[in-house]
Amino acid sequence: MKSLTQTGAGAPLLDTHIHLDRYSLSDQEAIVADIRHSEVQSIISVSMDLASCKRNLELSRLYGTMVRAAFGYHPEQPVPSSAETKALLDWMEEHADDMIAVGEVGLPYYAKLEAESEGRSWDNRPYEYLLEQFILFAKKHHKPVILHAVYEDAETACRLLEKYGVTRAHFHWFKGSRDTLLRMAGNGYYISFTPDILYEDEIREIARRYPDHLVMTETDGPWPFEGPFAGQMTHPRMTSAVAAAWAELQGVSVLAARERLYENAVRLYGL
């Protein structure tokens, strides 16, 4: 069995989903300084809202190809007003050449779950309409879509992607049924694994089954992790452990795994 400490030296790493703008300024600077001298070649910093988009644009301009910006609106928060949505989409239109992808966008599975557990009514349609607008934007500008869509919400996301013929889709930190995985894989959609691939059985089972040409590494930092990462600040270098864990599950060398995970991200994002 492969050791998780093996590095696969010579094969670069990519963090395809992180919220760099959500870290403190000092941590942002430290992370970029670290990856400048590490095996992590680049990170994709996804956005929460318009202010987040603007900060990620600043970071991408400041750090060049080490930080690539994705623009969008995270769904686990109230739906923006029509005016806010227009302002965001207009700004994205102006900065389409500055973005590597549309993201993070999707559907609010956890907010909906919380509302239902508290007996509050819930209407998912405004979120679906908002996601549809982002998918249309991605189609118009030939950009990948970075999706927060898990369990049954992934089926809705698949339907909207299929409706508009958008195939460059990245379901980050995906969780869902076997049937949904088969649908996604059949459509050529990518998924990415966080550090919880080391200790979450549900994620490890998905990692065993999903096609190896459609998988990538991520951290979703600053979200914290458990297991061997308990108490640590989430850092892009954790993608090394993610790649090693995936290698073990696939029964391949760490070097081969890292090369495959890197090539997949390069293909999807045109790096």
# chains A, B, ... in the order shown; residues from 1 in each chain; ligands from 1

$ residues_around --residues "Leu249 (chain A)" --least-positions-apart "3" --cutoff "7 Å" --atoms "only C-alpha atoms" --output "ChimeraX atom specification"
/A:208,245-246

$ closest_atom_pairs --of "region 162-252 of chain A" --to "region 20-28 of chain A" --cutoff "12 Å" --atoms "only C-alpha atoms" --output "tab-separated table"
residue	atom	partner	partner_atom	distance
A:Thr219	CA	A:Leu20	CA	10.6
A:Asp220	CA	A:Leu20	CA	9.1
A:Gly221	CA	A:Leu20	CA	7.2
A:Pro222	CA	A:Tyr23	CA	6.5
A:Trp223	CA	A:Arg22	CA	9.7
A:Pro224	CA	A:Tyr23	CA	11.9
A:Met233	CA	A:Asp27	CA	9.2
A:Thr234	CA	A:Tyr23	CA	9.9
A:His235	CA	A:Asp27	CA	9.6
A:Pro236	CA	A:Leu20	CA	9.8

$ write_last_selection --atoms "N, CA, C and O atoms" --output "PDB file, in the first residue's frame"
ATOM      1  N   THR A 219      -9.115  22.059  -2.424  1.00  0.00           N
ATOM      2  CA  THR A 219      -9.136  22.146  -0.959  1.00  0.00           C
ATOM      3  C   THR A 219     -10.404  22.796  -0.423  1.00  0.00           C
ATOM      4  O   THR A 219     -10.791  22.543   0.716  1.00  0.00           O
ATOM      5  N   ASP A 220     -11.039  23.671  -1.193  1.00  0.00           N
ATOM      6  CA  ASP A 220     -12.180  24.464  -0.716  1.00  0.00           C
ATOM      7  C   ASP A 220     -11.805  25.300   0.506  1.00  0.00           C
ATOM      8  O   ASP A 220     -12.663  25.650   1.312  1.00  0.00           O
ATOM      9  N   GLY A 221     -10.503  25.606   0.655  1.00  0.00           N
ATOM     10  CA  GLY A 221     -10.095  26.458   1.766  1.00  0.00           C
ATOM     11  C   GLY A 221     -10.787  27.808   1.701  1.00  0.00           C
ATOM     12  O   GLY A 221     -11.180  28.271   0.633  1.00  0.00           O
ATOM     13  N   PRO A 222     -10.980  28.431   2.859  1.00  0.00           N
ATOM     14  CA  PRO A 222     -10.445  28.085   4.174  1.00  0.00           C
ATOM     15  C   PRO A 222     -11.255  27.062   4.971  1.00  0.00           C
ATOM     16  O   PRO A 222     -11.040  26.929   6.187  1.00  0.00           O
ATOM     17  N   TRP A 223     -12.195  26.354   4.327  1.00  0.00           N
ATOM     18  CA  TRP A 223     -12.956  25.331   5.053  1.00  0.00           C
ATOM     19  C   TRP A 223     -11.980  24.384   5.750  1.00  0.00           C
ATOM     20  O   TRP A 223     -11.060  23.862   5.126  1.00  0.00           O
ATOM     21  N   PRO A 224     -12.178  24.122   7.047  1.00  0.00           N
ATOM     22  CA  PRO A 224     -11.250  23.260   7.791  1.00  0.00           C
ATOM     23  C   PRO A 224     -11.571  21.784   7.624  1.00  0.00           C
ATOM     24  O   PRO A 224     -12.725  21.411   7.369  1.00  0.00           O
ATOM     25  N   MET A 233      -4.632  25.164   9.277  1.00  0.00           N
ATOM     26  CA  MET A 233      -5.214  26.037   8.268  1.00  0.00           C
ATOM     27  C   MET A 233      -5.202  25.301   6.926  1.00  0.00           C
ATOM     28  O   MET A 233      -4.176  24.736   6.527  1.00  0.00           O
ATOM     29  N   THR A 234      -6.319  25.285   6.248  1.00  0.00           N
ATOM     30  CA  THR A 234      -6.389  24.622   4.949  1.00  0.00           C
ATOM     31  C   THR A 234      -5.493  25.346   3.954  1.00  0.00           C
ATOM     32  O   THR A 234      -5.586  26.559   3.783  1.00  0.00           O
ATOM     33  N   HIS A 235      -4.640  24.593   3.284  1.00  0.00           N
ATOM     34  CA  HIS A 235      -3.590  25.148   2.428  1.00  0.00           C
ATOM     35  C   HIS A 235      -3.551  24.369   1.112  1.00  0.00           C
ATOM     36  O   HIS A 235      -3.766  23.149   1.111  1.00  0.00           O
ATOM     37  N   PRO A 236      -3.286  25.033  -0.017  1.00  0.00           N
ATOM     38  CA  PRO A 236      -3.224  24.316  -1.303  1.00  0.00           C
ATOM     39  C   PRO A 236      -2.269  23.135  -1.318  1.00  0.00           C
ATOM     40  O   PRO A 236      -2.475  22.189  -2.081  1.00  0.00           O
TER      41      PRO A 236
END

$ closest_atom_pairs --of "region 107-224 of chain A" --to "region 55-77 of chain A" --cutoff "9 Å" --atoms "only C-alpha atoms" --output "Markdown table"
| residue | atom | partner | partner_atom | distance |
| --- | --- | --- | --- | --- |
| A:Leu107 | CA | A:Pro75 | CA | 5.3 |
| A:Pro108 | CA | A:Glu76 | CA | 4.7 |
| A:Tyr109 | CA | A:Glu76 | CA | 7.5 |
| A:Tyr110 | CA | A:Glu76 | CA | 6.9 |
| A:Ala111 | CA | A:Glu76 | CA | 5.8 |
| A:Lys112 | CA | A:Glu76 | CA | 8.6 |
| A:Tyr127 | CA | A:Pro75 | CA | 7.1 |
| A:Leu131 | CA | A:Pro75 | CA | 8.6 |
| A:Phe134 | CA | A:Gly72 | CA | 7.6 |
| A:Val145 | CA | A:Ala70 | CA | 9.0 |
| A:Ile146 | CA | A:Ala70 | CA | 8.2 |
| A:His148 | CA | A:Pro75 | CA | 7.5 |

$ select_by_dssp --residues "region 44-269 of chain A" --states "strand (DSSP E or B)" --output "ChimeraX atom specification"
/A:44-45,67-71,101-106,145-148,169-172,190-193,215-217

$ select_by_dssp --residues "region 93-267 of chain A" --states "helix (DSSP H, G or I)" --output "count of residues only"
101

$ closest_residue --among "A:Ala51, A:Leu147, A:Met238, A:Leu130" --to "Ile31 (chain A)" --atoms "only C-alpha atoms"
A:Met238

$ atom_distance --atom1 "CA of Glu155 (chain A)" --atom2 "CA of Ser82 (chain A)"
25.5 Å
